[in-house]
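What follows is a short report on a single structure.
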Number of protein chains: 2
Amino acid sequence: MRRDIFQAIADPTRRAIIALIALQAMTPNGIAENFNTTRQSISKHLRILTECELVKQEHLGREIYYSLEIDKMKEIDKWLDQYRKIWQTRFNQLDNVLSNLKKNKK
Amino acid sequence: MRRDIFQAIADPTRRAIIALIALQAMTPNGIAENFNTTRQSISKHLRILTECELVKQEHLGREIYYSLEIDKMKEIDKWLDQYRKIWQTRFNQLDNVLSNLKKNKK
DNA sequence: TATAGATGCAACTATTCGGTTGCGCAAAAC
DNA sequence: GTTTTGCGCAACCGAATAGTTGCATCTATA
């Protein structure tokens, strides 16, 4: 069972769940109301999100509130960082090209 | 056939391919040499990456060079941005807490 | 022109995945 | 104490996926 964060966000339903609970904790039933699917299917997604620690639970009586573990999202940001450096460099190179063109024009 | 960028980067082999060709274009054979798998399997991954425009081809004789379409990576960055705002806000809140503690200490 | 190399495409297989259904358990409501 | 509600877990099914094998195509090279 491969359970990494990239596989977790690959599914559009899971990304929608993440967006839903990003600002406020919600119960599985509450989340499921926003989708055209069963509560069990949402529960399975929540389980996957929990397993890769993208989501945390808080038990309140018989209800379980799920909320986003925002720090985990930084891992994606960290992975992106190596590529961000590349596109920033290319942007700077383009910038140089443009300023050189400007210089030659003078 | 669902082909979005999030599904494309979900596979660890594809992420490794992306990392490989990020800085220099490579042929399928050249890429495959870096993995314990067949050339055909790499070709399938390249096809998926091409379909979601994460990768571009350049034909040179009988060889095809694949390189990263770095601009497409910005889409992930854009998606992350909404969550980046959240963790920055929380960080600022923490910052306020800390500065308040400092103030009270004085 | 004949041969070897680089590649894409199609068919097949084993595995994984998303979703549904059914069940059991614990907490709340009656 | 019985019923209802909220939830997780397991079994099952159809679809998608990663990988392999085999073949066709195009381009170099001898």
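Naming scheme: A, B, ... for chains in displayed order of the structure tokens; residues 1 onward per chain; ligands 1 onward as shown.
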Could you give me, as a tab-separated table, every chain D residue with an atom at most 7 Å from chain B, plus its closest atom pair and distance in Å to one decimal, counting only C-alpha atoms (C1' of nucleotides), rows ordered by chain then number?
```
residue	atom	partner	partner_atom	distance
D:DG19	C1'	B:Ser41	CA	6.2
D:DC26	C1'	B:Arg62	CA	6.9
D:DT27	C1'	B:Arg62	CA	5.1
```
Tell me, as number ranges by chain, which residues lie within 12 Å of D:DA30, counting only C-alpha atoms (C1' of nucleotides); anything in the same chain fewer than 5 positions away does not count.
C: 1-4
Expected file: the selected residues, N, CA and C atoms (P, O5', C5', C4', C3', O3' and C1' of nucleotides), as a PDB file, in the first residue's frame:
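For reference, selection_12.pdb as written:
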```pdb
ATOM      1  P    DT C   1      17.606   0.236 -53.043  1.00  0.00           P
ATOM      2  O5'  DT C   1      17.737  -1.325 -53.251  1.00  0.00           O
ATOM      3  C5'  DT C   1      19.045  -1.779 -53.753  1.00  0.00           C
ATOM      4  C4'  DT C   1      19.718  -2.621 -52.702  1.00  0.00           C
ATOM      5  C3'  DT C   1      18.775  -3.184 -51.623  1.00  0.00           C
ATOM      6  O3'  DT C   1      19.212  -4.494 -51.275  1.00  0.00           O
ATOM      7  C1'  DT C   1      20.469  -1.932 -50.587  1.00  0.00           C
ATOM      8  P    DA C   2      18.232  -5.527 -50.503  1.00  0.00           P
ATOM      9  O5'  DA C   2      19.063  -5.890 -49.196  1.00  0.00           O
ATOM     10  C5'  DA C   2      20.406  -6.345 -49.311  1.00  0.00           C
ATOM     11  C4'  DA C   2      21.077  -6.296 -47.946  1.00  0.00           C
ATOM     12  C3'  DA C   2      20.226  -6.858 -46.805  1.00  0.00           C
ATOM     13  O3'  DA C   2      21.062  -7.603 -45.924  1.00  0.00           O
ATOM     14  C1'  DA C   2      20.778  -4.597 -46.347  1.00  0.00           C
ATOM     15  P    DT C   3      20.440  -8.286 -44.586  1.00  0.00           P
ATOM     16  O5'  DT C   3      20.963  -7.348 -43.411  1.00  0.00           O
ATOM     17  C5'  DT C   3      22.334  -6.968 -43.374  1.00  0.00           C
ATOM     18  C4'  DT C   3      22.577  -6.014 -42.225  1.00  0.00           C
ATOM     19  C3'  DT C   3      21.880  -6.391 -40.919  1.00  0.00           C
ATOM     20  O3'  DT C   3      22.778  -6.215 -39.837  1.00  0.00           O
ATOM     21  C1'  DT C   3      21.340  -4.170 -41.494  1.00  0.00           C
ATOM     22  P    DA C   4      22.478  -6.897 -38.390  1.00  0.00           P
ATOM     23  O5'  DA C   4      22.598  -5.646 -37.421  1.00  0.00           O
ATOM     24  C5'  DA C   4      23.690  -4.732 -37.593  1.00  0.00           C
ATOM     25  C4'  DA C   4      23.337  -3.402 -36.923  1.00  0.00           C
ATOM     26  C3'  DA C   4      22.684  -3.545 -35.543  1.00  0.00           C
ATOM     27  O3'  DA C   4      23.275  -2.609 -34.663  1.00  0.00           O
ATOM     28  C1'  DA C   4      21.307  -2.239 -36.947  1.00  0.00           C
TER      29       DA C   4
END
```
Taking only C-alpha atoms (C1' of nucleotides) into account, report as a VMD selection string which residues of chain C lie within 8 Å of chain A.
chain C and resid 18 to 19 26 to 28
Distance-based interface of chain A with chain B, 7 Å, counting only C-alpha atoms, as a tab-separated table (two decimals) with N, CA and C atoms, in the first residue's frame:
```tsv
chain	number	residue	atom	x	y	z
A	6	PHE	N	1.82	12.72	-2.60
A	6	PHE	CA	1.55	13.00	-4.00
A	6	PHE	C	0.42	12.11	-4.54
A	7	GLN	N	0.42	10.89	-4.07
A	7	GLN	CA	-0.67	10.01	-4.48
A	7	GLN	C	-1.98	10.47	-3.83
A	9	ILE	N	-2.97	13.55	-3.17
A	9	ILE	CA	-3.58	14.71	-3.82
A	9	ILE	C	-3.87	14.45	-5.30
A	10	ALA	N	-3.57	13.25	-5.76
A	10	ALA	CA	-3.82	12.93	-7.18
A	10	ALA	C	-5.32	12.83	-7.47
A	70	ILE	N	-2.01	21.48	7.92
A	70	ILE	CA	-1.46	22.41	6.91
A	70	ILE	C	0.05	22.27	6.74
A	87	TRP	N	12.54	27.88	-12.89
A	87	TRP	CA	11.75	28.84	-13.67
A	87	TRP	C	12.10	30.27	-13.32
```
Residues flagged strand (DSSP E) by DSSP in chain A, as a list in words
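For chain A, the strand (DSSP E) set is Val55, Lys56, Gln57, Glu58, His59, Leu60, Glu63, Ile64, Tyr65, Tyr66, Ser67 and Leu68 of chain A.
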Residues from last step as file, C-alpha atoms, as a PDB file, in the first residue's frame:
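Output below, filename result-v5.pdb:
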```
ATOM      1  CA  VAL A  55      -5.468  15.341   7.845  1.00  0.00           C
ATOM      2  CA  LYS A  56      -5.957  15.038  11.592  1.00  0.00           C
ATOM      3  CA  GLN A  57      -8.919  13.815  13.640  1.00  0.00           C
ATOM      4  CA  GLU A  58     -10.592  15.186  16.725  1.00  0.00           C
ATOM      5  CA  HIS A  59     -13.103  12.969  18.505  1.00  0.00           C
ATOM      6  CA  LEU A  60     -16.123  14.700  20.021  1.00  0.00           C
ATOM      7  CA  GLU A  63     -18.581  12.552  15.974  1.00  0.00           C
ATOM      8  CA  ILE A  64     -15.125  12.815  14.473  1.00  0.00           C
ATOM      9  CA  TYR A  65     -13.968  16.169  13.153  1.00  0.00           C
ATOM     10  CA  TYR A  66     -11.395  16.152  10.382  1.00  0.00           C
ATOM     11  CA  SER A  67      -9.163  19.100   9.669  1.00  0.00           C
ATOM     12  CA  LEU A  68      -6.232  19.854   7.412  1.00  0.00           C
TER      13      LEU A  68
END
```
Quick one: residues within 12 Å of C:DC23, only C-alpha atoms (C1' of nucleotides), excluding same-chain residues fewer than 5 positions away - as a PyMOL selection string?
chain D and resi 8-11
Contact residues around D:DT17 with only C-alpha atoms (C1' of nucleotides) at 9 Å, ignoring same-chain residues under 4 positions, as a PyMOL selection string:
chain C and resi 15-17
One decimal, Å: what's the distance from atom CA of B:Ser43 over to atom C1' of D:DC23, could you say?
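Pair atom CA of B:Ser43 / atom C1' of D:DC23 returns 15.8 Å.
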